[in-house]
$ cat my_file.cif   # mmCIF, C-alpha atoms
data_run
#
loop_
_atom_site.label_atom_id
_atom_site.label_comp_id
_atom_site.auth_asym_id
_atom_site.auth_seq_id
_atom_site.Cartn_x
_atom_site.Cartn_y
_atom_site.Cartn_z
CA MET A 1 -1.84 40.59 37.51
CA MET A 2 1.29 38.60 36.95
CA SER A 3 4.28 39.72 39.00
CA ASN A 4 7.71 40.16 37.51
CA PRO A 5 8.74 36.51 36.91
CA SER A 6 12.12 35.22 38.01
CA ALA A 7 14.59 34.29 35.29
CA GLY A 8 14.48 30.64 34.32
CA THR A 9 10.95 29.99 35.60
CA PRO A 10 8.18 28.82 33.24
CA GLN A 11 6.49 32.24 33.53
CA HIS A 12 9.71 33.99 32.52
CA LEU A 13 10.28 31.57 29.64
CA LEU A 14 6.72 32.06 28.38
CA VAL A 15 6.92 35.86 28.56
CA ASP A 16 10.26 35.92 26.75
CA ALA A 17 8.93 33.46 24.14
CA ILE A 18 5.90 35.70 23.51
CA HIS A 19 8.18 38.72 23.15
CA LYS A 20 10.44 36.96 20.66
CA ALA A 21 7.55 35.44 18.70
CA MET A 22 5.83 38.81 18.29
CA ALA A 23 9.07 40.52 17.23
CA ASP A 24 9.78 37.81 14.64
CA ALA A 25 6.21 37.89 13.25
CA LEU A 26 6.22 41.69 12.94
CA ALA A 27 9.60 41.64 11.22
CA GLN A 28 8.22 39.20 8.63
CA ALA A 29 4.81 40.83 8.17
CA LEU A 30 5.89 44.47 8.31
CA THR A 31 9.45 45.70 8.91
CA PRO A 32 12.09 45.27 11.63
CA SER A 33 11.51 48.91 12.59
CA TRP A 34 8.55 47.80 14.72
CA SER A 35 9.68 47.45 18.33
CA VAL A 36 8.12 45.18 20.95
CA GLU A 37 8.03 46.00 24.65
CA ILE A 38 6.51 43.99 27.48
CA VAL A 39 5.16 45.87 30.51
CA ARG A 40 4.90 43.33 33.30
CA ASP A 41 3.26 45.64 35.86
CA GLY A 42 0.72 47.02 33.45
CA GLU A 43 -2.47 46.67 35.51
CA SER A 44 -4.97 49.40 34.63
CA GLU A 45 -8.50 50.34 35.53
CA PRO A 46 -11.24 48.39 33.73
CA ASP A 47 -11.91 49.86 30.33
CA SER A 48 -15.26 49.47 28.60
CA ALA A 49 -13.86 50.46 25.20
CA PRO A 50 -14.55 47.84 22.50
CA ARG A 51 -11.84 45.30 21.93
CA VAL A 52 -10.86 42.63 19.44
CA CYS A 53 -10.14 39.36 21.26
CA PHE A 54 -8.41 36.13 20.33
CA ARG A 55 -7.89 32.99 22.35
CA LEU A 56 -4.66 30.99 22.19
CA SER A 57 -5.33 27.53 23.63
CA LEU A 58 -2.20 25.64 24.71
CA SER A 59 -1.80 21.91 25.26
CA GLY A 60 1.13 19.60 25.88
CA ALA A 61 3.87 20.84 28.19
CA LEU A 62 1.62 23.81 29.05
CA GLN A 63 -2.13 23.55 29.58
CA GLY A 64 -4.57 26.44 29.44
CA SER A 65 -5.54 29.51 27.46
CA LEU A 66 -4.13 32.94 26.81
CA ALA A 67 -6.57 35.72 25.85
CA ILE A 68 -5.14 38.42 23.57
CA GLN A 69 -7.15 41.66 23.64
CA ILE A 70 -6.52 44.64 21.38
CA PRO A 71 -8.42 47.94 21.73
CA GLN A 72 -10.48 48.35 18.58
CA THR A 73 -8.77 51.62 17.57
CA ASP A 74 -5.35 49.94 17.92
CA ALA A 75 -6.59 46.84 16.10
CA LEU A 76 -7.71 48.97 13.15
CA LEU A 77 -4.37 50.79 13.00
CA LEU A 78 -2.39 47.55 13.04
CA ALA A 79 -4.68 45.84 10.53
CA GLN A 80 -4.38 48.76 8.13
CA LYS A 81 -0.60 48.51 8.31
CA LEU A 82 -0.75 44.76 7.70
CA ARG A 83 -2.99 45.32 4.66
CA SER A 84 -0.85 48.23 3.35
CA GLU A 85 -3.79 50.60 3.73
CA ALA A 86 -3.58 54.28 4.58
CA ALA A 87 -4.22 54.93 8.27
CA ASP A 88 -7.81 56.09 8.71
CA ALA A 89 -9.41 55.95 12.14
CA GLY A 90 -12.81 56.79 10.63
CA VAL A 91 -13.36 53.51 8.80
CA GLU A 92 -15.05 50.47 10.29
CA LEU A 93 -13.01 47.50 11.44
CA SER A 94 -13.99 44.94 8.82
CA ALA A 95 -13.83 41.16 8.69
CA ASP A 96 -10.78 41.50 6.41
CA HIS A 97 -9.05 43.59 9.04
CA LYS A 98 -9.77 40.99 11.70
CA GLN A 99 -8.51 38.26 9.39
CA ALA A 100 -5.24 40.17 8.93
CA LEU A 101 -4.82 40.36 12.70
CA GLN A 102 -5.60 36.67 13.11
CA THR A 103 -3.03 35.77 10.43
CA LEU A 104 -0.37 37.80 12.28
CA LEU A 105 -1.22 36.18 15.61
CA GLN A 106 -1.22 32.76 13.95
CA GLN A 107 2.39 33.42 12.90
CA VAL A 108 3.09 34.46 16.49
CA SER A 109 1.64 31.18 17.80
CA VAL A 110 3.78 29.13 15.39
CA ALA A 111 6.95 30.95 16.47
CA LEU A 112 5.88 30.67 20.12
CA THR A 113 5.46 26.88 20.07
CA ALA A 114 8.80 26.46 18.27
CA THR A 115 10.58 28.42 21.02
CA LEU A 116 8.74 26.68 23.86
CA LYS A 117 9.54 23.24 22.44
CA ASP A 118 13.26 23.86 22.94
CA GLN A 119 12.80 25.29 26.44
CA MET A 120 9.83 23.51 28.03
CA GLY A 121 8.83 20.62 25.77
CA ALA A 122 6.31 20.13 23.00
CA VAL A 123 3.44 22.63 23.13
CA GLU A 124 0.54 22.81 20.69
CA ALA A 125 -1.35 26.07 20.14
CA GLN A 126 -4.71 26.79 18.55
CA LEU A 127 -5.77 30.37 17.81
CA THR A 128 -9.44 31.31 17.54
CA ALA A 129 -11.52 34.48 17.56
CA PHE A 130 -12.89 35.07 21.02
CA GLU A 131 -15.31 37.12 23.08
CA THR A 132 -14.08 39.08 26.09
CA PRO A 133 -12.62 36.52 28.53
CA ALA A 134 -14.63 35.75 31.62
CA TRP A 135 -11.64 35.17 33.86
CA PRO A 136 -10.34 38.25 35.74
CA GLY A 137 -6.86 39.65 35.98
CA LYS A 138 -4.56 40.96 33.32
CA ALA A 139 -1.29 39.06 33.14
CA LEU A 140 0.81 41.53 31.18
CA VAL A 141 0.69 44.33 28.62
CA LEU A 142 2.56 44.11 25.36
CA GLN A 143 3.18 47.27 23.32
CA ILE A 144 4.36 47.32 19.74
CA ALA A 145 5.36 50.55 18.10
CA GLU A 146 6.78 52.09 14.96
CA PRO A 147 8.01 55.73 14.82
CA SER A 148 5.68 56.76 12.00
CA ALA A 149 2.69 54.66 13.06
CA GLY A 150 2.46 55.10 16.82
CA LYS A 151 1.80 52.47 19.49
CA VAL A 152 -0.49 49.47 19.59
CA THR A 153 -1.36 47.82 22.89
CA LEU A 154 -2.14 44.15 23.40
CA GLU A 155 -3.42 42.89 26.74
CA LEU A 156 -2.69 39.27 27.56
CA ARG A 157 -4.64 37.39 30.22
CA PHE A 158 -3.80 33.92 31.52
CA ASP A 159 -6.77 31.74 32.45
CA PRO A 160 -6.69 29.88 35.81
CA GLU A 161 -5.69 26.59 34.13
CA LEU A 162 -2.64 28.17 32.48
CA THR A 163 -1.71 29.95 35.71
CA THR A 164 -1.84 26.61 37.54
CA SER A 165 0.17 24.91 34.79
CA LEU A 166 2.88 27.57 35.02
CA ALA A 167 2.94 27.33 38.81
CA ALA A 168 3.32 23.54 38.62
CA GLY A 169 6.17 23.98 36.16
CA SER A 170 7.83 26.43 38.54
CA GLY A 171 7.71 23.80 41.30
CA GLU A 172 9.32 21.25 39.03
CA SER A 173 11.96 23.79 38.04
CA VAL A 174 12.79 24.54 41.69
CA ALA A 175 12.86 20.84 42.53
CA SER A 176 15.25 20.09 39.70
CA GLN A 177 17.54 22.92 40.83
CA THR A 178 17.60 21.75 44.46
CA ALA A 179 17.78 18.02 43.82
CA PRO A 180 21.07 16.32 44.71
CA PRO A 181 23.39 15.38 41.85
CA SER A 182 22.46 12.22 40.05
CA GLY A 183 24.55 9.19 40.91
CA PRO A 184 24.38 5.45 41.60
CA VAL A 185 21.80 5.88 44.40
CA ALA A 186 19.47 7.99 42.24
CA THR A 187 19.87 5.60 39.32
CA GLU A 188 19.12 2.53 41.43
CA SER A 189 16.07 4.22 42.95
CA SER A 190 14.76 5.04 39.49
CA LEU A 191 15.29 1.46 38.32
CA ASP A 192 13.57 -0.24 41.25
CA LEU A 193 10.20 -0.02 39.55
CA LEU A 194 11.56 -1.59 36.36
CA LEU A 195 13.77 -4.38 37.62
CA GLY A 196 10.90 -6.88 37.86
CA VAL A 197 9.70 -6.32 34.29
CA GLY A 198 10.15 -9.34 32.01
CA LEU A 199 12.08 -8.71 28.79
CA SER A 200 12.52 -11.11 25.87
CA LEU A 201 16.05 -11.83 24.68
CA THR A 202 16.93 -13.21 21.25
CA LEU A 203 20.05 -15.16 20.26
CA ARG A 204 21.19 -14.33 16.73
CA PHE A 205 23.68 -16.62 15.02
CA GLY A 206 23.87 -14.41 11.95
CA GLN A 207 21.73 -12.86 9.27
CA ARG A 208 21.20 -12.86 5.54
CA VAL A 209 19.24 -10.65 3.14
CA LEU A 210 17.07 -12.60 0.69
CA THR A 211 14.92 -11.42 -2.17
CA LEU A 212 11.21 -12.14 -2.08
CA ARG A 213 11.67 -14.75 -4.81
CA GLU A 214 14.38 -16.53 -2.81
CA ILE A 215 12.10 -16.61 0.24
CA LEU A 216 9.22 -18.02 -1.80
CA ASP A 217 11.56 -20.70 -3.17
CA LEU A 218 12.49 -21.94 0.31
CA GLY A 219 11.45 -25.47 1.07
CA SER A 220 12.29 -28.43 3.25
CA GLY A 221 16.01 -29.12 2.95
CA SER A 222 16.92 -25.60 1.75
CA VAL A 223 20.14 -24.19 3.23
CA VAL A 224 20.45 -20.46 4.00
CA GLU A 225 24.04 -19.36 4.43
CA LEU A 226 24.48 -16.71 7.12
CA ASP A 227 27.04 -13.90 7.23
CA ARG A 228 28.95 -15.30 10.22
CA GLN A 229 31.69 -17.89 10.63
CA VAL A 230 31.23 -20.82 13.01
CA GLN A 231 33.95 -19.56 15.36
CA GLU A 232 32.50 -16.06 15.62
CA PRO A 233 30.41 -15.13 18.72
CA ALA A 234 26.61 -14.96 18.47
CA ASP A 235 24.62 -11.81 19.30
CA LEU A 236 22.30 -11.48 22.29
CA LEU A 237 19.55 -8.98 21.46
CA LEU A 238 16.97 -7.07 23.49
CA GLY A 239 14.39 -6.25 20.86
CA ASP A 240 16.58 -5.08 18.01
CA ARG A 241 19.29 -3.71 20.34
CA LEU A 242 22.57 -5.59 20.84
CA VAL A 243 23.29 -6.10 24.57
CA ALA A 244 25.99 -8.79 24.58
CA ARG A 245 27.93 -11.37 22.53
CA GLY A 246 28.99 -14.88 23.45
CA GLU A 247 29.69 -18.51 22.57
CA VAL A 248 26.83 -20.90 21.88
CA VAL A 249 26.72 -23.82 24.36
CA ILE A 250 24.39 -26.71 25.19
CA VAL A 251 22.87 -26.73 28.69
CA ASP A 252 20.75 -29.76 29.67
CA GLY A 253 19.84 -30.31 26.05
CA ASN A 254 18.95 -26.66 25.43
CA TYR A 255 20.84 -23.99 23.56
CA GLY A 256 22.57 -21.39 25.72
CA VAL A 257 25.14 -18.63 25.38
CA ARG A 258 28.28 -18.07 27.41
CA VAL A 259 28.67 -14.27 27.48
CA THR A 260 32.10 -13.09 26.38
CA GLU A 261 31.38 -9.41 25.73
CA VAL A 262 28.84 -7.05 27.32
CA ILE A 263 27.78 -3.75 25.76
CA ASP A 264 28.21 -0.68 28.02
CA PRO A 265 25.24 -0.66 30.48
CA ARG A 266 24.61 3.07 29.90
CA GLN A 267 24.21 2.48 26.19
CA ARG A 268 21.83 -0.42 26.89
CA MET A 269 19.65 1.64 29.29
CA ASP A 270 19.36 4.46 26.75
CA HIS A 271 17.30 2.09 24.60
CA VAL A 272 15.23 0.22 27.19
#
$ encode --input "my_file.cif" --output "structure tokens"
Amino acid sequence: MMSNPSAGTPQHLLVDAIHKAMADALAQALTPSWSVEIVRDGESEPDSAPRVCFRLSLSGALQGSLAIQIPQTDALLLAQKLRSEAADAGVELSADHKQALQTLLQQVSVALTATLKDQMGAVEAQLTAFETPAWPGKALVLQIAEPSAGKVTLELRFDPELTTSLAAGSGESVASQTAPPSGPVATESSLDLLLGVGLSLTLRFGQRVLTLREILDLGSGSVVELDRQVQEPADLLLGDRLVARGEVVIVDGNYGVRVTEVIDPRQRMDHV
């Protein structure tokens, strides 16, 4: 069973994201009158009643699977509402009913990944029909209700991989909260691994846009006029990013550049 997660932790963010995603999906598929409640300490005795199960596999910023189990009687009630059918507990849960549930949960997974992307990073989710999960432990209970329809219970179980992924994220969250403020020392430490990397610089005297025909017409002796005056400084580029400007000089028979203007180092590092 998952304990009540602390605010700001990955577990708390995931639970809140599930709550919001389910509320948004129900509001679109049914009406806003359906309420969503999460019971975090909802451990119950094992129940052998038949269930409809789906598996939500997560990858990216979170790794692992979430099993969504719905008691068959609740699944039928919810599916009938989704299909605008009259409530009838005596009918069999059909493939169409299960498809309606899967469509709703697919909308939930889309809303869930959109919320998690803003809070934890890019997460991909894949929803599939599923047998009863083999891993033990119920993470939380989610109840959705509507005054005229009653309550529907969904049990959500986190597999060991997802539990580990959330725990690892919690460690990173704590570390980031307790880490000293960033400054010159932290920046220099982070750059130590990069300072020996070779980077190619390019000196640009100017540029000119030519049509394809003009390029094909180029030959020996052709003159291409650039967009820069002789007295103007040349550009020093790292890739396609401007890092400095300066005067062109000759050093031991080779071209060189005497730097007269340097772009702000923070702007340069943003693009390295």
$ closest_atom_pairs --input "my_file.cif" --of "range 60-155 of chain A" --to "range 11-32 of chain A" --cutoff "12 Å" --atoms "all atoms listed in the file" --output "tab-separated table"
residue	atom	partner	partner_atom	distance
A:Ala61	CA	A:Leu14	CA	11.6
A:Leu62	CA	A:Leu14	CA	9.7
A:Leu66	CA	A:Ile18	CA	10.9
A:Ile68	CA	A:Ile18	CA	11.4
A:Leu78	CA	A:Leu30	CA	10.0
A:Ala79	CA	A:Leu30	CA	10.9
A:Gln80	CA	A:Leu30	CA	11.1
A:Lys81	CA	A:Leu30	CA	7.6
A:Leu82	CA	A:Leu30	CA	6.7
A:Arg83	CA	A:Leu30	CA	9.6
A:Ser84	CA	A:Leu30	CA	9.2
A:Ala100	CA	A:Ala29	CA	10.1
A:Leu101	CA	A:Ala29	CA	10.7
A:Gln102	CA	A:Ala25	CA	11.9
A:Thr103	CA	A:Ala29	CA	9.6
A:Leu104	CA	A:Ala25	CA	6.7
A:Leu105	CA	A:Ala25	CA	8.0
A:Gln106	CA	A:Ala25	CA	9.1
A:Gln107	CA	A:Ala25	CA	5.9
A:Val108	CA	A:Ala21	CA	5.1
A:Ser109	CA	A:Ala21	CA	7.3
A:Val110	CA	A:Ala21	CA	8.1
A:Ala111	CA	A:Ala21	CA	5.0
A:Leu112	CA	A:Ala21	CA	5.2
A:Thr113	CA	A:Ala17	CA	8.5
A:Ala114	CA	A:Ala21	CA	9.1
A:Thr115	CA	A:Ala17	CA	6.2
A:Leu116	CA	A:Ala17	CA	6.8
A:Lys117	CA	A:Ala17	CA	10.4
A:Asp118	CA	A:Ala17	CA	10.6
A:Gln119	CA	A:Leu13	CA	7.5
A:Met120	CA	A:Leu13	CA	8.2
A:Gly121	CA	A:Leu13	CA	11.7
A:Val123	CA	A:Leu14	CA	11.3
A:Ala139	CA	A:Val15	CA	9.9
A:Leu140	CA	A:Val15	CA	8.7
A:Val141	CA	A:Val15	CA	10.5
A:Leu142	CA	A:His19	CA	8.1
A:Gln143	CA	A:His19	CA	9.9
A:Ile144	CA	A:Ala23	CA	8.6
A:Ala145	CA	A:Leu26	CA	10.3
A:Glu146	CA	A:Thr31	CA	9.2
A:Pro147	CA	A:Pro32	CA	11.7
A:Ala149	CA	A:Leu30	CA	11.7
A:Leu154	CA	A:Met22	CA	10.9
$ write_last_selection --input "my_file.cif" --atoms "C-alpha atoms" --output "mmCIF file, in the frame of the given file"
data_model
loop_
_atom_site.group_PDB
_atom_site.id
_atom_site.type_symbol
_atom_site.label_atom_id
_atom_site.label_comp_id
_atom_site.auth_asym_id
_atom_site.auth_seq_id
_atom_site.Cartn_x
_atom_site.Cartn_y
_atom_site.Cartn_z
ATOM 1 C CA ALA A 61 3.870 20.840 28.190
ATOM 2 C CA LEU A 62 1.620 23.810 29.050
ATOM 3 C CA LEU A 66 -4.130 32.940 26.810
ATOM 4 C CA ILE A 68 -5.140 38.420 23.570
ATOM 5 C CA LEU A 78 -2.390 47.550 13.040
ATOM 6 C CA ALA A 79 -4.680 45.840 10.530
ATOM 7 C CA GLN A 80 -4.380 48.760 8.130
ATOM 8 C CA LYS A 81 -0.600 48.510 8.310
ATOM 9 C CA LEU A 82 -0.750 44.760 7.700
ATOM 10 C CA ARG A 83 -2.990 45.320 4.660
ATOM 11 C CA SER A 84 -0.850 48.230 3.350
ATOM 12 C CA ALA A 100 -5.240 40.170 8.930
ATOM 13 C CA LEU A 101 -4.820 40.360 12.700
ATOM 14 C CA GLN A 102 -5.600 36.670 13.110
ATOM 15 C CA THR A 103 -3.030 35.770 10.430
ATOM 16 C CA LEU A 104 -0.370 37.800 12.280
ATOM 17 C CA LEU A 105 -1.220 36.180 15.610
ATOM 18 C CA GLN A 106 -1.220 32.760 13.950
ATOM 19 C CA GLN A 107 2.390 33.420 12.900
ATOM 20 C CA VAL A 108 3.090 34.460 16.490
ATOM 21 C CA SER A 109 1.640 31.180 17.800
ATOM 22 C CA VAL A 110 3.780 29.130 15.390
ATOM 23 C CA ALA A 111 6.950 30.950 16.470
ATOM 24 C CA LEU A 112 5.880 30.670 20.120
ATOM 25 C CA THR A 113 5.460 26.880 20.070
ATOM 26 C CA ALA A 114 8.800 26.460 18.270
ATOM 27 C CA THR A 115 10.580 28.420 21.020
ATOM 28 C CA LEU A 116 8.740 26.680 23.860
ATOM 29 C CA LYS A 117 9.540 23.240 22.440
ATOM 30 C CA ASP A 118 13.260 23.860 22.940
ATOM 31 C CA GLN A 119 12.800 25.290 26.440
ATOM 32 C CA MET A 120 9.830 23.510 28.030
ATOM 33 C CA GLY A 121 8.830 20.620 25.770
ATOM 34 C CA VAL A 123 3.440 22.630 23.130
ATOM 35 C CA ALA A 139 -1.290 39.060 33.140
ATOM 36 C CA LEU A 140 0.810 41.530 31.180
ATOM 37 C CA VAL A 141 0.690 44.330 28.620
ATOM 38 C CA LEU A 142 2.560 44.110 25.360
ATOM 39 C CA GLN A 143 3.180 47.270 23.320
ATOM 40 C CA ILE A 144 4.360 47.320 19.740
ATOM 41 C CA ALA A 145 5.360 50.550 18.100
ATOM 42 C CA GLU A 146 6.780 52.090 14.960
ATOM 43 C CA PRO A 147 8.010 55.730 14.820
ATOM 44 C CA ALA A 149 2.690 54.660 13.060
ATOM 45 C CA LEU A 154 -2.140 44.150 23.400
#
$ atom_distance --input "my_file.cif" --atom1 "CA of Gly246 in chain A" --atom2 "CA of Gln207 in chain A"
16.1 Å
$ atom_distance --input "my_file.cif" --atom1 "CA of Glu92 in chain A" --atom2 "CA of Thr132 in chain A"
19.5 Å
$ residues_around --input "my_file.cif" --residues "range 222-225 of chain A" --least-positions-apart "5" --cutoff "12 Å" --atoms "only C-alpha atoms" --output "JSON, numbers by chain"
{"A": [205, 206, 207, 208, 209, 210, 214, 215, 216, 217, 230]}
$ resolve_selection --input "my_file.cif" --expression "the PyMOL selection byres ((chain A and resi 54) around 8)" --output "compact mmCIF listing (two decimals) with C-alpha atoms, in the coordinates of the input"
# COMPACT_ATOMS: atom_id res chain seq x y z
CA VAL A 52 -10.86 42.63 19.44
CA CYS A 53 -10.14 39.36 21.26
CA ARG A 55 -7.89 32.99 22.35
CA LEU A 56 -4.66 30.99 22.19
CA ALA A 67 -6.57 35.72 25.85
CA ILE A 68 -5.14 38.42 23.57
CA GLN A 69 -7.15 41.66 23.64
CA GLN A 102 -5.60 36.67 13.11
CA LEU A 127 -5.77 30.37 17.81
CA THR A 128 -9.44 31.31 17.54
CA ALA A 129 -11.52 34.48 17.56
CA PHE A 130 -12.89 35.07 21.02
CA GLU A 131 -15.31 37.12 23.08
$ atom_distance --input "my_file.cif" --atom1 "CA of Pro133 in chain A" --atom2 "CA of Ala49 in chain A"
14.4 Å
$ closest_residue --input "my_file.cif" --among "A:Pro160, A:Gly256, A:Gly150, A:Pro233" --to "Gly64 in chain A" --atoms "only C-alpha atoms"
A:Pro160
$ residues_around --input "my_file.cif" --residues "Ser65 in chain A" --least-positions-apart "5" --cutoff "6 Å" --atoms "all atoms listed in the file" --output "compact mmCIF listing (two decimals) with C-alpha atoms, keeping the file's coordinate frame"
# COMPACT_ATOMS: atom_id res chain seq x y z
CA LEU A 56 -4.66 30.99 22.19
CA SER A 57 -5.33 27.53 23.63
CA LEU A 58 -2.20 25.64 24.71
CA ASP A 159 -6.77 31.74 32.45
CA LEU A 162 -2.64 28.17 32.48
$ residues_near_point --input "my_file.cif" --point "(-13.0, 47.8, 7.2)" --cutoff "12 Å" --atoms "all atoms listed in the file" --output "list in words"
Gln72, Thr73, Ala75, Leu76, Leu77, Ala79, Gln80, Arg83, Glu85, Ala86, Ala87, Asp88, Ala89, Gly90, Val91, Glu92, Leu93, Ser94, Ala95, Asp96, His97, Lys98, Gln99 and Ala100 of chain A
$ axis_aligned_box --input "my_file.cif" --around "range 96-109 of chain A" --padding-each-side "5 Å" --output "lines of an AutoDock Vina configuration file"
center_x = -3.8
center_y = 37.4
center_z = 12.1
size_x = 23.9
size_y = 22.4
size_z = 21.4
$ closest_residue --input "my_file.cif" --among "A:Ser220, A:Thr260, A:Ser59, A:Ser33" --to "Leu236 in chain A" --atoms "only C-alpha atoms"
A:Thr260
